[in-house]
Every structure is written in structure tokens, then in C-alpha cells.
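Chemist: structure-v9.cif is reproduced below (mmCIF, C-alpha atoms).
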data_target
#
loop_
_atom_site.label_atom_id
_atom_site.label_comp_id
_atom_site.auth_asym_id
_atom_site.auth_seq_id
_atom_site.Cartn_x
_atom_site.Cartn_y
_atom_site.Cartn_z
CA MET H 249 144.78 46.28 142.33
CA ALA H 250 141.02 46.49 142.59
CA ILE H 251 141.25 46.24 146.39
CA ILE H 252 143.68 49.21 146.56
CA GLU H 253 141.44 51.31 144.30
CA GLU H 254 138.44 50.47 146.51
CA ILE H 255 140.34 51.66 149.61
CA PHE H 256 141.19 54.98 147.97
CA GLU H 257 137.59 55.43 146.87
CA ASP H 258 136.40 54.78 150.44
CA GLU H 259 138.80 57.41 151.79
CA GLU H 260 137.67 59.90 149.17
CA ASP H 261 134.07 59.31 150.19
CA GLN H 262 135.03 59.77 153.85
CA ILE H 263 136.83 63.04 153.13
CA THR H 264 133.83 64.31 151.15
CA LYS H 265 131.54 63.48 154.08
CA VAL H 266 133.97 65.08 156.56
CA ASP H 267 134.17 68.26 154.50
CA SER H 268 130.38 68.46 154.31
CA LEU H 269 130.04 68.01 158.11
CA LYS H 270 132.72 70.61 158.71
CA LYS H 271 130.88 73.15 156.53
CA GLU H 272 127.66 72.45 158.41
CA GLY H 273 129.50 72.98 161.67
CA ASN H 274 130.98 76.26 160.44
CA ASN H 275 127.52 77.48 159.40
CA PHE H 276 126.10 76.66 162.83
CA PHE H 277 129.06 78.42 164.45
CA ALA H 278 128.55 81.54 162.32
CA ASN H 279 124.89 81.60 163.38
CA GLY H 280 125.77 81.32 167.07
CA GLU H 281 124.49 77.74 167.39
CA PHE H 282 127.62 76.50 169.11
CA GLU H 283 126.20 73.25 170.54
CA LYS H 284 125.10 72.13 167.06
CA ALA H 285 128.41 73.29 165.60
CA ASN H 286 130.35 71.14 168.05
CA GLU H 287 128.13 68.15 167.32
CA LYS H 288 128.94 68.45 163.59
CA TYR H 289 132.66 68.81 164.29
CA GLN H 290 132.52 65.68 166.46
CA GLU H 291 130.68 63.78 163.71
CA ALA H 292 133.34 64.89 161.24
CA ILE H 293 136.15 63.76 163.58
CA ALA H 294 134.51 60.33 163.95
CA SER H 295 134.20 60.02 160.16
CA CYS H 296 137.73 61.23 159.40
CA PRO H 297 140.22 58.66 158.01
CA PRO H 298 143.01 57.90 160.54
CA THR H 299 145.63 59.03 158.02
CA SER H 300 144.10 62.52 157.67
CA THR H 301 145.75 63.92 160.81
CA GLU H 302 145.83 67.49 159.50
CA VAL H 303 142.07 67.48 158.93
CA GLN H 304 141.51 65.93 162.37
CA SER H 305 143.67 68.64 163.94
CA ILE H 306 141.62 71.41 162.31
CA LEU H 307 138.34 69.81 163.37
CA LEU H 308 139.54 69.43 166.98
CA SER H 309 140.61 73.08 167.01
CA ASN H 310 137.20 74.09 165.66
CA SER H 311 135.55 71.97 168.34
CA ALA H 312 137.63 73.77 170.98
CA ALA H 313 136.39 77.11 169.63
CA ALA H 314 132.74 75.99 169.90
CA LEU H 315 133.31 74.64 173.42
CA ILE H 316 134.86 77.95 174.48
CA LYS H 317 131.73 79.74 173.29
CA LEU H 318 129.74 77.29 175.44
CA ARG H 319 132.08 78.06 178.39
CA LYS H 320 132.98 74.37 178.66
CA TRP H 321 136.57 75.12 179.58
CA GLU H 322 137.82 71.62 180.45
CA SER H 323 136.37 70.09 177.28
CA ALA H 324 137.85 72.95 175.24
CA VAL H 325 141.28 72.29 176.75
CA GLU H 326 140.95 68.58 175.95
CA ALA H 327 140.01 69.23 172.31
CA ALA H 328 142.74 71.83 171.80
CA SER H 329 145.36 69.59 173.44
CA LYS H 330 144.46 66.70 171.11
CA SER H 331 144.73 69.06 168.14
CA ILE H 332 148.21 70.12 169.27
CA GLU H 333 149.30 66.53 169.96
CA ILE H 334 148.47 65.31 166.46
CA GLY H 335 150.19 68.28 164.84
CA ALA H 336 148.13 71.44 164.53
CA THR H 337 149.28 73.35 161.45
CA ASN H 338 148.81 76.77 163.06
CA GLU H 339 148.69 78.43 166.48
CA LYS H 340 144.89 78.57 166.76
CA ALA H 341 144.62 75.44 168.89
CA LEU H 342 147.34 76.66 171.27
CA GLU H 343 145.71 80.07 171.62
CA ARG H 344 142.31 78.51 172.24
CA ARG H 345 143.79 76.28 174.92
CA ALA H 346 145.52 79.27 176.53
CA PHE H 347 142.21 81.15 176.63
CA ALA H 348 140.35 78.17 178.11
CA TYR H 349 143.06 77.78 180.77
CA SER H 350 142.74 81.50 181.58
CA ASN H 351 139.16 80.82 182.71
CA MET H 352 140.13 77.99 185.08
CA SER H 353 141.56 79.35 188.33
CA GLU H 354 143.64 76.22 188.99
CA LYS H 355 145.14 76.42 185.47
CA TYR H 356 146.18 80.10 185.25
CA GLU H 357 149.86 79.14 185.24
CA ASN H 358 149.27 76.77 182.29
CA SER H 359 147.66 79.64 180.41
CA ILE H 360 150.75 81.79 180.90
CA GLU H 361 152.96 78.95 179.61
CA ASP H 362 150.86 78.69 176.43
CA TYR H 363 150.85 82.45 175.86
CA LYS H 364 154.64 82.57 176.28
CA GLN H 365 154.95 79.80 173.70
CA LEU H 366 152.75 81.85 171.37
CA GLN H 367 155.04 84.85 171.86
CA GLU H 368 157.95 82.78 170.54
CA SER H 369 156.07 81.76 167.40
CA LEU H 370 154.21 85.07 166.93
CA PRO H 371 156.73 87.82 167.78
CA LYS H 372 154.60 90.49 166.07
CA ARG H 373 151.90 89.93 168.70
CA ARG H 374 154.24 90.17 171.69
CA VAL H 375 152.66 93.37 173.07
CA GLU H 376 149.14 91.94 172.86
CA LEU H 377 150.23 88.66 174.44
CA ASP H 378 152.16 90.52 177.15
CA ARG H 379 148.90 92.22 178.08
CA LYS H 380 147.11 88.89 178.31
CA ILE H 381 149.86 87.49 180.54
CA ALA H 382 149.65 90.56 182.79
CA GLU H 383 145.88 90.07 183.10
CA ILE H 384 146.35 86.45 184.13
CA ASN H 385 149.03 87.40 186.67
CA GLU H 386 146.47 89.76 188.20
CA LYS H 387 144.00 86.88 188.33
CA ILE H 388 146.63 84.76 190.07
CA ASN H 389 147.19 87.46 192.71
CA ASN H 390 143.45 87.78 193.31
CA ARG H 391 143.06 84.00 193.51
CA ASN H 392 145.89 83.67 196.01
CA GLU H 393 144.53 86.50 198.17
CA ALA H 394 141.09 84.88 198.17
CA MET H 395 142.62 81.52 199.13
CA LYS H 396 144.59 83.14 201.94
CA ALA H 397 141.48 84.90 203.25
CA ASP H 398 139.55 81.63 203.13
CA VAL H 399 142.29 79.80 205.08
CA MET H 400 142.42 82.57 207.69
CA GLU H 401 138.64 82.47 208.07
CA LYS H 402 138.73 78.71 208.61
CA LEU H 403 141.57 79.04 211.14
CA LYS H 404 139.61 81.74 212.95
CA GLY H 405 136.58 79.48 213.11
CA PHE H 406 138.66 76.65 214.53
CA GLY H 407 140.29 79.03 217.03
CA ASN H 408 136.90 80.27 218.22
CA PHE H 409 135.75 76.67 218.67
CA CYS H 410 138.78 75.92 220.87
CA LEU H 411 138.56 79.17 222.88
CA SER H 412 134.80 79.28 223.45
CA PRO H 413 134.91 76.99 226.57
CA PHE H 414 137.14 79.63 228.21
CA GLY H 415 134.85 82.52 227.35
CA LEU H 416 137.32 83.79 224.77
CA SER H 417 137.45 84.19 221.01
CA THR H 418 140.05 85.08 218.42
CA ASP H 419 138.84 88.68 218.71
CA SER H 420 140.35 88.66 222.22
CA PHE H 421 143.84 88.52 220.70
CA GLU H 422 145.95 90.69 218.43
CA MET H 423 149.15 90.42 216.40
CA VAL H 424 151.97 92.51 217.89
CA PRO H 425 155.38 93.20 216.24
CA ASN H 426 158.07 91.36 218.18
CA GLY H 427 160.93 93.63 217.14
CA ASN H 428 162.62 90.90 215.09
CA GLY H 429 160.65 91.40 211.91
CA GLY H 430 157.91 89.01 212.99
CA PHE H 431 154.78 89.04 215.10
CA SER H 432 153.59 87.49 218.34
CA VAL H 433 150.05 86.83 219.50
CA GLN H 434 148.92 88.64 222.65
CA MET H 435 145.64 89.29 224.37
CA LYS H 436 144.28 92.70 223.53
CA GLY H 437 145.27 95.27 226.12
CA ALA H 438 148.22 93.19 227.30
CA THR H 439 150.69 95.53 225.62
CA ASN H 440 149.20 98.57 227.33
CA LYS H 441 149.27 96.79 230.71
CA GLN H 442 152.91 95.87 230.20
CA GLU H 443 153.80 99.44 229.24
CA GLY H 444 151.91 100.73 232.29
CA ALA H 445 153.73 98.34 234.59
CA SER H 446 157.07 99.34 233.14
CA GLN H 447 156.23 103.01 233.61
CA GLU H 448 155.22 102.43 237.24
CA LYS H 449 158.46 100.58 237.88
CA LYS H 450 160.49 103.44 236.43
CA GLU H 451 158.63 105.96 238.57
CA GLU H 452 159.33 103.86 241.68
CA GLU H 453 163.00 103.65 240.81
CA ASN H 454 163.20 107.42 240.28
CA ALA H 455 161.34 108.24 243.54
#
When written as C-alpha cells, how does the structure in this file appear?
Modeler:
Amino acid sequence: MAIIEEIFEDEEDQITKVDSLKKEGNNFFANGEFEKANEKYQEAIASCPPTSTEVQSILLSNSAAALIKLRKWESAVEAASKSIEIGATNEKALERRAFAYSNMSEKYENSIEDYKQLQESLPKRRVELDRKIAEINEKINNRNEAMKADVMEKLKGFGNFCLSPFGLSTDSFEMVPNGNGGFSVQMKGATNKQEGASQEKKEEENA
């Protein structure tokens, strides 16, 4: 019996310590000292009894908020994901993860998935969340256009390397509609020469 009572007393002491560390973290956060705030949240998580999953979840979500302020997106995603995995009691962790994802170009699609999940649980915020999703879709379009431009630039560089021994470059060629909805590559001026030759042939036939 004494052993059981001692265990409960130890857990109570741990919870008291955790609560104190959490308050310190919140004070640092309120004062804009986000690095110190995260350190306190991490101390609290380390001191938290394994059975206090709800408290751990809140602390992890708070840590994600501090990491977002520090623009440490990957670490924020990791903290928020752990909070969600152990059973976050509200949508804060999910929203913080969605925001962190929205600042990582390779994770834009994950951000949209999280915001759509938030729409299901927070129907009153659908309009606001729709706007966030639209903003991320715009980011996706810009990212894809930038990637396409980068690929084309690299292909152009490779093409110039291959053509330079022949005194040519990619600027010597142009894309010409092929009449079938696609394009063909021709040397610049080749189309005009072909049209001129066709015209001359017609004139000879009509003479």
C-alpha cells in the first residue's frame, strides 16, 4: 500500500513540475522569446509522466507553435504530428502542422490535406479555410512553373553544349506547330524557306 501511495505522490510531483515549466514556457512565448519557450516546453515533455498523454499532447502542440515562430518548419511538423498521434484534444496541433507544411514547398499538398480535415471538424470556418487552400494552390502553381523553367534552362544548357561543336545553339531553333496539335523543332528561317520554295514551285507550274 505504501509503495502505491509513493508512486502517486511521485506523479503528483511530476505534474506540478510540468505545470510550472509549461507556465514558464507560456510566459516566454508571450514575451516573444520563442527559443526559451520551446526549451521549457521540451523540459516539461521530458518530465511528464507517460500516462499523462493529454498533457504531453498540449505541450507538443505548444512546442510546435514556438517552432513556427522560429520558422523551423520541419521541427514544427514533427512536434505537431506527435501531438496528433498521441491524441490531441483540439484542432490546434493539426492547424499548426498545416501552417508549417504551407511553408515547405515540397509539402504544400500535405498542407491542403490537413486544412481539408480541419474543414470537416470546423465547418464554421470553411470560408476562411477555403481561402487558405486557394493560397496554397497558387503556391503549388508557382512552384511547378518555377520547376518547369528550371528544367527547361538545364535542357537548354545541355543542348548548347551538344550543339556548340557545330557552331550552333538552341537559339538557332524554334518550335513550330505541326498541324496535329503538337510542335516540331526546326531551324529558324526554315519555315520561311520552305514557304518560299513552295511559292516558287507554284509560280513555275502556273507559268
Chemist: Written as number ranges by chain, what is the full residue list that the PyMOL selection byres ((chain H and resi 343-350) around 6) yields on the file shown?
Modeler: H: 321, 325, 328, 340-342, 351-352, 355-356, 359, 362
Chemist: Please determine, counting only C-alpha atoms, which residue among H:Glu283, H:Ser295, H:Leu308, H:Glu302 has the shortest atom-to-atom distance to Lys320 of chain H.
Modeler: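 Selected residue with least distance to Lys320 of chain H: H:Glu283.
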Chemist: Using atom CA of Lys380 of chain H and atom CA of Ser353 of chain H as the two end points, give the distance in Å to one decimal.
Modeler: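 Going from atom CA of Lys380 of chain H over to atom CA of Ser353 of chain H, I get 14.9 Å.
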Chemist: Taking all atoms listed in the file into account, name the residue in H:Glu287, H:Asp378, H:Glu339, H:Glu393 that is nearest to Ile360 of chain H.
Modeler: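 The shortest atom-to-atom distance to Ile360 of chain H comes from H:Asp378.
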Chemist: When the PyMOL selection byres ((chain H and resi 364) around 12) is applied to the file above, which residues end up in the set, as a PyMOL selection string?
Modeler: chain H and resi 342-343+346+357-363+365-371+373-382
Chemist: Which residues would end up in the selection if the PyMOL selection byres ((chain H and resi 276) around 12) were applied here, given that I need the answer as a list in words?
Modeler: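 Selection result, ordered by chain and number: Leu269, Lys270, Lys271, Glu272, Gly273, Asn274, Asn275, Phe277, Ala278, Asn279, Gly280, Glu281, Phe282, Glu283, Lys284, Ala285, Asn286, Glu287, Lys288, Tyr289, Asn310, Ser311 and Ala314 of chain H.
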Chemist: Hey, can you check how far atom CA of Leu315 of chain H sits from atom CA of Gln262 of chain H?
Modeler: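 About the pair atom CA of Leu315 of chain H and atom CA of Gln262 of chain H: they are 24.6 Å apart.
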